[in-house]
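Notes follow the structure.
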Amino acid sequence: MTEGADDEGQRVPTVPTADDEYVVELWRSLGLPGLMDLHVHFMPHRVMEAVWAFFDDAARHYGRTWPVAYREAAEARLARLRGWGVRVFPSLLYPHKPGMAEGLNDWAGSFAADHPDVLRTATFFAEPAAARYVADALAAGAVVVKAHLQVGGYDPRDAQLDDVWGQLAEAGTLAVVHCGSGPVPGRFTGPGPFGEVLARHPGLRVVIAHLGAPEFEDFLDLAEARDEVYLDTAMAFTPFFNRIHPFPERAIPRLRSLQHKIVLGSDFPNTPYTYATQLRALDDLGLGKDWMRAVLWDNPARLVARLPVA
Ligand SMILES: [Zn+2]
């Protein structure tokens with residue numbers, strides 16, 4: 001296989017590189033106090049190992065290799081984010097089967113308690129206990145919730161989740177939702193099923209992960225139509241992602257008009273390229289310094305400031 005030689009697919013060295021310097025120079029040159037990244041994963045060790053094992057097998061799942069760049073201990077990953085000046089980030093987690101979410105929520109609670117720059121998160125599966133354990137997590141201080149419709153494979157319109165979405169809308173919790181059909185579709189991905197959830201719960205504050213890839217334009221429609229729909233940049237516009245899900249050229253002007261709705265997301269640590277690659281890809285769009293400042297700091301900071309107080 002020649003894909004293993006992909007120049008973006010090399011694991012990163014532990015000593016600082018020009019890429020690390022680029023990250024800090026970028027936000028400094030924009031006059032920002034750092035970065036806020038709303039799409040970052042931290043998980044219990046065994047769950048992270050299972051995710052990495054899945055990416056090891058990416059050629060079978062996704063038809064291309066996916067060497068995870070930052071495959072290292074959690075403390076080393078925290079040190080990287082802090083070294084880059086990422087001031088605030090969530091520990092996004094998600095279950096792939098029933099009976100798993102509550103334990104993940106407990107772990108996310110302890111992780112956030114130990115690390116003040118980590119936003120406390122929760123997740124859920126479509127199962128009878130979901131409304132009860134989501135209520136528990138919100139009461140305990142979770143302010144961001146992750147839903148992954150492709151990995152979870154559940155229908156977001158499932159009646160067992162109606163109360164969950166209602167609780168999130170009422171509490172003002174931020175829901176980061178992977179509902180696009182990339183890198184591979186799920187039964188309930190795409191703008192239709194989650195669009196119906198939004199129509200039923202118009203107050204729900206959501207960040208659509210990966211700019212909704214590959215249904216970018218449908219999710220741009222949703223962000224234009226609804227006040228509380230935002231989009232994260234995770235993986236979008238990078239050379240790796242462009243080969244799988246190129247962002248349509250004709251939609252680039254819409255990124256400018258949605259300047260107040262787009263937030264930095266990176267998918268750290270699971271990208272097959274460096275953190276700087278995401279930032280360079282955003283800068284290369286040529287949308288200007290104000291756009292960069294809005295995406296890298298102002299918009300996520302505004303969302304974080306509106307989170308329920310823990
Ligand atoms: Zn992710």
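Going through the structure tokens in order, the chains are called A, B, and so on, while each chain numbers its residues from 1 and the ligands are numbered from 1 in the order shown.
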
For the interface of chain A with ligand 1 (cut-off 12 Å, counting only C-alpha atoms and all ligand atoms), please tabulate each contacting residue of chain A alongside its nearest pair of atoms and their separation in Å to one decimal, rows sorted by chain and increasing number, as JSON lines.
```
{"residue": "A:Asp37", "atom": "CA", "partner": "ligand 1", "partner_atom_place_in_ligand_line": "1 (Zn)", "distance": 11.6}
{"residue": "A:Leu38", "atom": "CA", "partner": "ligand 1", "partner_atom_place_in_ligand_line": "1 (Zn)", "distance": 9.8}
{"residue": "A:His39", "atom": "CA", "partner": "ligand 1", "partner_atom_place_in_ligand_line": "1 (Zn)", "distance": 6.1}
{"residue": "A:Val40", "atom": "CA", "partner": "ligand 1", "partner_atom_place_in_ligand_line": "1 (Zn)", "distance": 6.7}
{"residue": "A:His41", "atom": "CA", "partner": "ligand 1", "partner_atom_place_in_ligand_line": "1 (Zn)", "distance": 6.5}
{"residue": "A:Phe42", "atom": "CA", "partner": "ligand 1", "partner_atom_place_in_ligand_line": "1 (Zn)", "distance": 10.1}
{"residue": "A:Met43", "atom": "CA", "partner": "ligand 1", "partner_atom_place_in_ligand_line": "1 (Zn)", "distance": 11.5}
{"residue": "A:Met48", "atom": "CA", "partner": "ligand 1", "partner_atom_place_in_ligand_line": "1 (Zn)", "distance": 11.9}
{"residue": "A:Val51", "atom": "CA", "partner": "ligand 1", "partner_atom_place_in_ligand_line": "1 (Zn)", "distance": 10.7}
{"residue": "A:Pro90", "atom": "CA", "partner": "ligand 1", "partner_atom_place_in_ligand_line": "1 (Zn)", "distance": 11.0}
{"residue": "A:Ser91", "atom": "CA", "partner": "ligand 1", "partner_atom_place_in_ligand_line": "1 (Zn)", "distance": 10.1}
{"residue": "A:Leu92", "atom": "CA", "partner": "ligand 1", "partner_atom_place_in_ligand_line": "1 (Zn)", "distance": 7.4}
{"residue": "A:Leu93", "atom": "CA", "partner": "ligand 1", "partner_atom_place_in_ligand_line": "1 (Zn)", "distance": 8.7}
{"residue": "A:Tyr94", "atom": "CA", "partner": "ligand 1", "partner_atom_place_in_ligand_line": "1 (Zn)", "distance": 9.5}
{"residue": "A:Lys146", "atom": "CA", "partner": "ligand 1", "partner_atom_place_in_ligand_line": "1 (Zn)", "distance": 9.3}
{"residue": "A:Ala147", "atom": "CA", "partner": "ligand 1", "partner_atom_place_in_ligand_line": "1 (Zn)", "distance": 10.2}
{"residue": "A:His148", "atom": "CA", "partner": "ligand 1", "partner_atom_place_in_ligand_line": "1 (Zn)", "distance": 8.6}
{"residue": "A:Leu149", "atom": "CA", "partner": "ligand 1", "partner_atom_place_in_ligand_line": "1 (Zn)", "distance": 11.6}
{"residue": "A:Gln150", "atom": "CA", "partner": "ligand 1", "partner_atom_place_in_ligand_line": "1 (Zn)", "distance": 11.2}
{"residue": "A:Val151", "atom": "CA", "partner": "ligand 1", "partner_atom_place_in_ligand_line": "1 (Zn)", "distance": 10.6}
{"residue": "A:Val176", "atom": "CA", "partner": "ligand 1", "partner_atom_place_in_ligand_line": "1 (Zn)", "distance": 9.4}
{"residue": "A:Val177", "atom": "CA", "partner": "ligand 1", "partner_atom_place_in_ligand_line": "1 (Zn)", "distance": 9.5}
{"residue": "A:His178", "atom": "CA", "partner": "ligand 1", "partner_atom_place_in_ligand_line": "1 (Zn)", "distance": 7.8}
{"residue": "A:Cys179", "atom": "CA", "partner": "ligand 1", "partner_atom_place_in_ligand_line": "1 (Zn)", "distance": 11.3}
{"residue": "A:Gly180", "atom": "CA", "partner": "ligand 1", "partner_atom_place_in_ligand_line": "1 (Zn)", "distance": 11.8}
{"residue": "A:Gly182", "atom": "CA", "partner": "ligand 1", "partner_atom_place_in_ligand_line": "1 (Zn)", "distance": 11.1}
{"residue": "A:Pro183", "atom": "CA", "partner": "ligand 1", "partner_atom_place_in_ligand_line": "1 (Zn)", "distance": 11.0}
{"residue": "A:Val207", "atom": "CA", "partner": "ligand 1", "partner_atom_place_in_ligand_line": "1 (Zn)", "distance": 12.0}
{"residue": "A:Ile208", "atom": "CA", "partner": "ligand 1", "partner_atom_place_in_ligand_line": "1 (Zn)", "distance": 10.9}
{"residue": "A:Ala209", "atom": "CA", "partner": "ligand 1", "partner_atom_place_in_ligand_line": "1 (Zn)", "distance": 7.4}
{"residue": "A:His210", "atom": "CA", "partner": "ligand 1", "partner_atom_place_in_ligand_line": "1 (Zn)", "distance": 8.0}
{"residue": "A:Leu211", "atom": "CA", "partner": "ligand 1", "partner_atom_place_in_ligand_line": "1 (Zn)", "distance": 11.7}
{"residue": "A:Asp232", "atom": "CA", "partner": "ligand 1", "partner_atom_place_in_ligand_line": "1 (Zn)", "distance": 10.2}
{"residue": "A:Thr233", "atom": "CA", "partner": "ligand 1", "partner_atom_place_in_ligand_line": "1 (Zn)", "distance": 10.6}
{"residue": "A:Ala234", "atom": "CA", "partner": "ligand 1", "partner_atom_place_in_ligand_line": "1 (Zn)", "distance": 7.3}
{"residue": "A:Met235", "atom": "CA", "partner": "ligand 1", "partner_atom_place_in_ligand_line": "1 (Zn)", "distance": 8.9}
{"residue": "A:Ala236", "atom": "CA", "partner": "ligand 1", "partner_atom_place_in_ligand_line": "1 (Zn)", "distance": 11.7}
{"residue": "A:Gly265", "atom": "CA", "partner": "ligand 1", "partner_atom_place_in_ligand_line": "1 (Zn)", "distance": 8.5}
{"residue": "A:Ser266", "atom": "CA", "partner": "ligand 1", "partner_atom_place_in_ligand_line": "1 (Zn)", "distance": 7.8}
{"residue": "A:Asp267", "atom": "CA", "partner": "ligand 1", "partner_atom_place_in_ligand_line": "1 (Zn)", "distance": 4.5}
{"residue": "A:Phe268", "atom": "CA", "partner": "ligand 1", "partner_atom_place_in_ligand_line": "1 (Zn)", "distance": 7.5}
{"residue": "A:Pro269", "atom": "CA", "partner": "ligand 1", "partner_atom_place_in_ligand_line": "1 (Zn)", "distance": 8.9}
{"residue": "A:Asn270", "atom": "CA", "partner": "ligand 1", "partner_atom_place_in_ligand_line": "1 (Zn)", "distance": 7.5}
{"residue": "A:Thr271", "atom": "CA", "partner": "ligand 1", "partner_atom_place_in_ligand_line": "1 (Zn)", "distance": 8.9}
```

Using only N, CA and C atoms, please write the residues we just selected to a file, as a short mmCIF file (atom, residue, chain, number, x, y, z; two decimals), in the first residue's frame.
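Generated output (out-v8.cif):
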```
data_model
loop_
_atom_site.label_atom_id
_atom_site.label_comp_id
_atom_site.auth_asym_id
_atom_site.auth_seq_id
_atom_site.Cartn_x
_atom_site.Cartn_y
_atom_site.Cartn_z
N ASP A 37 -11.12 25.99 21.11
CA ASP A 37 -11.36 24.88 20.19
C ASP A 37 -12.51 24.05 20.74
N LEU A 38 -13.63 24.03 20.03
CA LEU A 38 -14.83 23.34 20.56
C LEU A 38 -14.97 21.90 20.08
N HIS A 39 -13.96 21.37 19.39
CA HIS A 39 -14.05 19.97 18.96
C HIS A 39 -12.74 19.24 19.31
N VAL A 40 -12.66 18.85 20.58
CA VAL A 40 -11.47 18.16 21.09
C VAL A 40 -11.95 16.93 21.85
N HIS A 41 -11.25 15.82 21.67
CA HIS A 41 -11.62 14.58 22.36
C HIS A 41 -10.64 14.21 23.45
N PHE A 42 -11.18 13.97 24.63
CA PHE A 42 -10.46 13.22 25.66
C PHE A 42 -11.41 12.15 26.12
N MET A 43 -10.90 10.96 26.35
CA MET A 43 -11.75 9.81 26.70
C MET A 43 -11.00 8.94 27.69
N MET A 48 -10.27 5.43 24.30
CA MET A 48 -9.39 6.09 23.32
C MET A 48 -8.61 5.03 22.54
N VAL A 51 -10.81 3.64 19.93
CA VAL A 51 -10.98 4.57 18.81
C VAL A 51 -9.74 4.52 17.91
N PRO A 90 -13.46 21.27 25.18
CA PRO A 90 -14.27 20.23 25.83
C PRO A 90 -13.59 18.86 25.72
N SER A 91 -14.06 17.91 26.49
CA SER A 91 -13.60 16.51 26.35
C SER A 91 -14.76 15.74 25.71
N LEU A 92 -14.87 15.81 24.40
CA LEU A 92 -16.02 15.18 23.74
C LEU A 92 -15.90 13.66 23.78
N LEU A 93 -17.01 13.02 24.16
CA LEU A 93 -17.09 11.55 24.26
C LEU A 93 -18.40 11.10 23.63
N TYR A 94 -18.45 9.87 23.19
CA TYR A 94 -19.70 9.36 22.62
C TYR A 94 -19.73 7.84 22.70
N LYS A 146 -22.18 15.92 23.57
CA LYS A 146 -21.80 15.45 22.23
C LYS A 146 -22.76 14.35 21.79
N ALA A 147 -23.25 14.45 20.57
CA ALA A 147 -24.03 13.37 19.97
C ALA A 147 -23.37 13.00 18.65
N HIS A 148 -23.10 11.72 18.48
CA HIS A 148 -22.44 11.24 17.26
C HIS A 148 -23.37 10.25 16.56
N LEU A 149 -24.09 10.75 15.55
CA LEU A 149 -25.14 9.92 14.95
C LEU A 149 -24.58 8.82 14.06
N GLN A 150 -23.36 9.01 13.56
CA GLN A 150 -22.80 7.95 12.71
C GLN A 150 -22.28 6.80 13.57
N VAL A 151 -21.51 7.12 14.60
CA VAL A 151 -20.99 6.07 15.48
C VAL A 151 -22.12 5.44 16.31
N VAL A 176 -22.83 19.50 20.60
CA VAL A 176 -21.96 19.33 19.44
C VAL A 176 -22.42 18.03 18.76
N VAL A 177 -22.95 18.16 17.56
CA VAL A 177 -23.62 17.03 16.93
C VAL A 177 -22.93 16.66 15.62
N HIS A 178 -22.48 15.41 15.56
CA HIS A 178 -21.94 14.89 14.30
C HIS A 178 -23.13 14.27 13.56
N CYS A 179 -23.71 15.06 12.64
CA CYS A 179 -24.89 14.57 11.93
C CYS A 179 -24.69 14.57 10.41
N GLY A 180 -23.54 15.01 9.93
CA GLY A 180 -23.24 14.88 8.51
C GLY A 180 -22.89 13.44 8.18
N GLY A 182 -20.24 12.23 6.75
CA GLY A 182 -18.82 11.95 6.56
C GLY A 182 -18.23 11.36 7.82
N PRO A 183 -17.13 10.66 7.75
CA PRO A 183 -16.48 10.20 6.53
C PRO A 183 -17.25 9.10 5.82
N VAL A 207 -23.81 22.99 17.71
CA VAL A 207 -22.67 23.14 16.81
C VAL A 207 -22.66 21.90 15.93
N ILE A 208 -22.84 22.11 14.64
CA ILE A 208 -22.78 20.99 13.70
C ILE A 208 -21.30 20.69 13.43
N ALA A 209 -20.88 19.46 13.76
CA ALA A 209 -19.47 19.10 13.62
C ALA A 209 -19.06 19.00 12.15
N HIS A 210 -17.81 19.28 11.90
CA HIS A 210 -17.21 19.12 10.56
C HIS A 210 -17.93 19.94 9.48
N LEU A 211 -18.55 21.07 9.90
CA LEU A 211 -19.30 21.89 8.95
C LEU A 211 -20.36 21.09 8.18
N ASP A 232 -18.81 23.80 13.30
CA ASP A 232 -17.38 23.78 13.62
C ASP A 232 -16.57 23.37 12.41
N THR A 233 -15.30 23.77 12.45
CA THR A 233 -14.45 23.60 11.27
C THR A 233 -13.73 22.25 11.22
N ALA A 234 -13.95 21.38 12.21
CA ALA A 234 -13.10 20.20 12.37
C ALA A 234 -12.86 19.43 11.06
N MET A 235 -11.63 19.41 10.65
CA MET A 235 -11.10 18.70 9.49
C MET A 235 -11.39 19.40 8.15
N ALA A 236 -12.41 20.25 8.13
CA ALA A 236 -12.80 20.88 6.87
C ALA A 236 -11.65 21.69 6.29
N GLY A 265 -12.93 24.13 15.39
CA GLY A 265 -12.95 22.76 15.87
C GLY A 265 -11.79 22.09 15.17
N SER A 266 -11.12 21.15 15.85
CA SER A 266 -9.95 20.53 15.24
C SER A 266 -10.05 19.02 15.11
N ASP A 267 -10.82 18.39 16.00
CA ASP A 267 -10.84 16.92 16.13
C ASP A 267 -9.55 16.38 16.77
N PHE A 268 -8.78 17.25 17.41
CA PHE A 268 -7.60 16.80 18.15
C PHE A 268 -8.02 15.72 19.15
N PRO A 269 -7.29 14.65 19.33
CA PRO A 269 -5.97 14.33 18.78
C PRO A 269 -6.02 13.38 17.58
N ASN A 270 -7.21 13.18 17.01
CA ASN A 270 -7.38 12.04 16.10
C ASN A 270 -7.16 12.36 14.63
N THR A 271 -6.60 13.52 14.32
CA THR A 271 -6.40 13.87 12.92
C THR A 271 -5.14 13.19 12.37
#
```

If DSSP is run on the backbone, what residues of range 6-196 of chain A are strand (DSSP E)? A reply as a ChimeraX atom specification would be ideal.
/A:35-36,86-90,118-119,121-123,144-148,174-178

Could you save the residues just selected, with C-alpha atoms, as a compact mmCIF listing (two decimals), in the first residue's frame?
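And here's again.txt as it stands now:
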```txt
# COMPACT_ATOMS: atom_id res chain seq x y z
CA LEU A 35 -7.49 29.85 20.74
CA MET A 36 -10.79 28.28 21.74
CA VAL A 86 -5.73 26.63 23.38
CA ARG A 87 -7.35 28.22 26.44
CA VAL A 88 -10.66 26.34 26.61
CA PHE A 89 -11.74 23.01 25.13
CA PRO A 90 -14.27 20.23 25.83
CA VAL A 118 -11.70 21.60 30.17
CA LEU A 119 -15.43 22.15 29.64
CA THR A 121 -19.29 17.35 28.85
CA ALA A 122 -21.86 14.57 28.68
CA THR A 123 -23.25 12.26 26.04
CA VAL A 144 -21.55 20.69 26.52
CA VAL A 145 -23.10 17.51 25.13
CA LYS A 146 -21.80 15.45 22.23
CA ALA A 147 -24.03 13.37 19.97
CA HIS A 148 -22.44 11.24 17.26
CA LEU A 174 -24.33 23.43 23.83
CA ALA A 175 -24.82 20.25 21.77
CA VAL A 176 -21.96 19.33 19.44
CA VAL A 177 -23.62 17.03 16.93
CA HIS A 178 -21.94 14.89 14.30
```

Using only C-alpha atoms, the best pick from A:Phe219, A:Pro214, A:Trp107, A:Leu168 as closest to Arg243 in chain A would be A:Pro214

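As for CA of Phe216 in chain A and CA of Arg187 in chain A, they are spaced 18.0 Å apart.
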
Separating CA of Gly34 in chain A from CA of Gly85 in chain A, to the nearest tenth of an Å, is a gap of 4.9 Å

Using only C-alpha atoms, pick whichever of A:Val24, A:Leu303, A:Ile252, A:Val197 has the shortest atom-to-atom distance to Asp284 in chain A.
A:Ile252

Report as a PyMOL selection string all protein, DNA and RNA residues lying within 10 Å of Leu285 in chain A, evaluated on only C-alpha atoms, omitting residues in the same chain fewer than 5 positions from it.
chain A and resi 237+252+255+280+292

Selected residues written out with C-alpha atoms, as a compact mmCIF listing (two decimals), in the first residue's frame:
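Saved to again22.txt:
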```
# COMPACT_ATOMS: atom_id res chain seq x y z
CA PHE A 237 -10.58 22.45 4.18
CA ILE A 252 -17.13 29.92 0.09
CA LEU A 255 -18.66 31.19 4.94
CA ARG A 280 -3.35 26.89 7.86
CA MET A 292 -10.11 34.38 11.46
```

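If you count only C-alpha atoms and ignore residues fewer than 2 places along the chain from Leu198 in chain A, what sits within 10 Å of it is A:Arg157, A:Trp165, A:Ala169, A:Pro193, A:Phe194, A:Gly195, A:Glu196, A:Arg200, A:His201, A:Pro202, A:Gly203, A:Leu204, A:Arg205, A:Val206, A:Leu222, A:Arg226, A:Glu228, A:Val229.
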
Kindly save the residues from that selection, with N, CA and C atoms included, as a compact mmCIF listing (two decimals), in the first residue's frame.
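Wrote it out as out_13.txt, contents follow:
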```
# COMPACT_ATOMS: atom_id res chain seq x y z
N ARG A 157 -34.44 11.38 16.19
CA ARG A 157 -35.87 11.65 16.42
C ARG A 157 -36.50 10.61 17.33
N TRP A 165 -33.44 16.22 24.23
CA TRP A 165 -33.26 17.45 23.44
C TRP A 165 -33.97 18.62 24.14
N ALA A 169 -32.25 22.10 25.39
CA ALA A 169 -32.74 23.41 24.93
C ALA A 169 -33.06 24.30 26.12
N PRO A 193 -32.90 13.95 9.29
CA PRO A 193 -33.30 13.57 10.64
C PRO A 193 -32.97 14.63 11.69
N PHE A 194 -31.76 15.18 11.68
CA PHE A 194 -31.45 16.17 12.72
C PHE A 194 -32.19 17.49 12.45
N GLY A 195 -32.42 17.80 11.18
CA GLY A 195 -33.22 18.98 10.85
C GLY A 195 -34.60 18.90 11.49
N GLU A 196 -35.17 17.70 11.55
CA GLU A 196 -36.48 17.53 12.20
C GLU A 196 -36.39 17.76 13.70
N ARG A 200 -38.40 20.67 15.89
CA ARG A 200 -39.20 20.35 17.07
C ARG A 200 -38.69 21.07 18.32
N HIS A 201 -37.37 21.35 18.35
CA HIS A 201 -36.76 22.01 19.52
C HIS A 201 -36.00 23.24 19.05
N PRO A 202 -36.73 24.28 18.65
CA PRO A 202 -36.07 25.43 18.01
C PRO A 202 -35.08 26.16 18.92
N GLY A 203 -35.21 25.97 20.24
CA GLY A 203 -34.28 26.66 21.14
C GLY A 203 -32.96 25.93 21.32
N LEU A 204 -32.84 24.74 20.75
CA LEU A 204 -31.64 23.94 20.93
C LEU A 204 -30.42 24.66 20.35
N ARG A 205 -29.38 24.79 21.16
CA ARG A 205 -28.16 25.48 20.71
C ARG A 205 -27.17 24.41 20.26
N VAL A 206 -26.85 24.40 18.98
CA VAL A 206 -26.04 23.30 18.46
C VAL A 206 -24.85 23.79 17.64
N LEU A 222 -29.16 25.40 7.21
CA LEU A 222 -29.71 25.34 8.58
C LEU A 222 -29.13 26.46 9.44
N ARG A 226 -31.50 29.31 11.22
CA ARG A 226 -31.79 29.21 12.66
C ARG A 226 -30.72 29.91 13.49
N GLU A 228 -29.69 29.60 16.53
CA GLU A 228 -28.83 28.88 17.46
C GLU A 228 -28.06 27.72 16.82
N VAL A 229 -27.93 27.75 15.50
CA VAL A 229 -27.16 26.70 14.82
C VAL A 229 -25.81 27.26 14.37
```

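Take the candidates A:Asp106, A:Glu75, A:Glu217, A:Asp117 and check each one against Leu231 in chain A using only C-alpha atoms; the shortest distance goes to A:Glu217.
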
For Phe247 in chain A, which residue among A:Val263, A:Leu282, A:Leu307, A:Ala129 is the nearest when counting only C-alpha atoms?
A:Leu282

Residue contacts of Ala159 in chain A (12 Å, only C-alpha atoms) excluding same-chain residues fewer than 3 positions away, as a PyMOL selection string
chain A and resi 125-128+130-131+154-156+162-166+197+200

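Among the candidates A:Glu21, A:Leu161, A:Asp221, A:Ser110, the residue lying nearest to Ala140 in chain A is A:Ser110 (atoms considered: only C-alpha atoms).
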
What does the distance between CA of His115 in chain A and CA of Pro33 in chain A come to in Å, to one decimal place?
19.3 Å

Which parts of range 123-280 of chain A does DSSP call alpha helix (DSSP H) when run on the backbone here, written out as a PDB file with C-alpha atoms, in the first residue's frame?
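Generated output (out-v5.pdb):
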```
ATOM      1  CA  ALA A 130     -31.137   8.620  28.614  1.00  0.00           C
ATOM      2  CA  ALA A 131     -33.423  11.359  29.982  1.00  0.00           C
ATOM      3  CA  ARG A 132     -32.587  10.400  33.579  1.00  0.00           C
ATOM      4  CA  TYR A 133     -28.789  10.300  33.209  1.00  0.00           C
ATOM      5  CA  VAL A 134     -28.692  13.440  31.033  1.00  0.00           C
ATOM      6  CA  ALA A 135     -30.662  15.263  33.758  1.00  0.00           C
ATOM      7  CA  ASP A 136     -28.117  13.975  36.305  1.00  0.00           C
ATOM      8  CA  ALA A 137     -25.191  15.145  34.173  1.00  0.00           C
ATOM      9  CA  LEU A 138     -26.696  18.614  33.660  1.00  0.00           C
ATOM     10  CA  ALA A 139     -27.398  18.930  37.379  1.00  0.00           C
ATOM     11  CA  ALA A 140     -23.799  17.923  38.068  1.00  0.00           C
ATOM     12  CA  LEU A 149     -25.137   9.924  14.945  1.00  0.00           C
ATOM     13  CA  GLN A 150     -22.800   7.948  12.711  1.00  0.00           C
ATOM     14  CA  VAL A 151     -20.985   6.065  15.478  1.00  0.00           C
ATOM     15  CA  GLY A 152     -24.110   5.778  17.670  1.00  0.00           C
ATOM     16  CA  ALA A 159     -39.000   9.208  21.200  1.00  0.00           C
ATOM     17  CA  GLN A 160     -36.597   8.254  24.006  1.00  0.00           C
ATOM     18  CA  LEU A 161     -34.558  11.349  23.113  1.00  0.00           C
ATOM     19  CA  ASP A 162     -37.352  13.885  22.880  1.00  0.00           C
ATOM     20  CA  ASP A 163     -37.015  14.784  26.545  1.00  0.00           C
ATOM     21  CA  VAL A 164     -33.217  14.838  26.232  1.00  0.00           C
ATOM     22  CA  TRP A 165     -33.256  17.454  23.444  1.00  0.00           C
ATOM     23  CA  GLY A 166     -35.898  19.372  25.417  1.00  0.00           C
ATOM     24  CA  GLN A 167     -33.705  19.417  28.522  1.00  0.00           C
ATOM     25  CA  LEU A 168     -30.696  20.631  26.545  1.00  0.00           C
ATOM     26  CA  ALA A 169     -32.736  23.406  24.927  1.00  0.00           C
ATOM     27  CA  GLU A 170     -34.120  24.517  28.265  1.00  0.00           C
ATOM     28  CA  ALA A 171     -30.762  24.472  30.045  1.00  0.00           C
ATOM     29  CA  PRO A 191     -29.679  17.072   7.217  1.00  0.00           C
ATOM     30  CA  GLY A 192     -33.105  15.375   7.292  1.00  0.00           C
ATOM     31  CA  PRO A 193     -33.301  13.566  10.644  1.00  0.00           C
ATOM     32  CA  PHE A 194     -31.448  16.168  12.717  1.00  0.00           C
ATOM     33  CA  GLY A 195     -33.222  18.984  10.854  1.00  0.00           C
ATOM     34  CA  GLU A 196     -36.479  17.530  12.198  1.00  0.00           C
ATOM     35  CA  VAL A 197     -35.081  17.573  15.755  1.00  0.00           C
ATOM     36  CA  LEU A 198     -34.231  21.262  15.323  1.00  0.00           C
ATOM     37  CA  ALA A 199     -37.698  22.016  13.991  1.00  0.00           C
ATOM     38  CA  ARG A 200     -39.204  20.352  17.069  1.00  0.00           C
ATOM     39  CA  PHE A 216     -21.997  21.209   3.664  1.00  0.00           C
ATOM     40  CA  GLU A 217     -24.531  23.313   1.817  1.00  0.00           C
ATOM     41  CA  ASP A 218     -27.570  21.767   3.510  1.00  0.00           C
ATOM     42  CA  PHE A 219     -26.068  22.486   6.918  1.00  0.00           C
ATOM     43  CA  LEU A 220     -25.122  26.029   5.841  1.00  0.00           C
ATOM     44  CA  ASP A 221     -28.833  26.411   5.024  1.00  0.00           C
ATOM     45  CA  LEU A 222     -29.707  25.336   8.576  1.00  0.00           C
ATOM     46  CA  ALA A 223     -27.182  27.747  10.106  1.00  0.00           C
ATOM     47  CA  GLU A 224     -28.583  30.578   7.977  1.00  0.00           C
ATOM     48  CA  ALA A 225     -32.163  29.741   8.903  1.00  0.00           C
ATOM     49  CA  PRO A 239      -5.718  18.600   2.224  1.00  0.00           C
ATOM     50  CA  PHE A 240      -6.588  15.205   3.769  1.00  0.00           C
ATOM     51  CA  PHE A 241     -10.284  16.022   4.099  1.00  0.00           C
ATOM     52  CA  ASN A 242     -10.452  17.772   0.732  1.00  0.00           C
ATOM     53  CA  ARG A 243      -9.627  14.469  -0.918  1.00  0.00           C
ATOM     54  CA  ILE A 244     -12.625  12.816   0.750  1.00  0.00           C
ATOM     55  CA  ILE A 252     -17.132  29.923   0.087  1.00  0.00           C
ATOM     56  CA  PRO A 253     -18.925  33.322   0.042  1.00  0.00           C
ATOM     57  CA  ARG A 254     -21.479  31.828   2.439  1.00  0.00           C
ATOM     58  CA  LEU A 255     -18.662  31.188   4.935  1.00  0.00           C
ATOM     59  CA  ARG A 256     -18.077  34.921   4.922  1.00  0.00           C
ATOM     60  CA  SER A 257     -21.722  35.796   5.508  1.00  0.00           C
ATOM     61  CA  TYR A 275      -2.846  20.872  14.515  1.00  0.00           C
ATOM     62  CA  ALA A 276      -1.235  23.626  12.450  1.00  0.00           C
ATOM     63  CA  THR A 277      -2.636  22.007   9.289  1.00  0.00           C
ATOM     64  CA  GLN A 278      -6.202  22.887  10.340  1.00  0.00           C
ATOM     65  CA  LEU A 279      -5.304  26.495  11.089  1.00  0.00           C
ATOM     66  CA  ARG A 280      -3.347  26.886   7.864  1.00  0.00           C
TER      67      ARG A 280
END
```
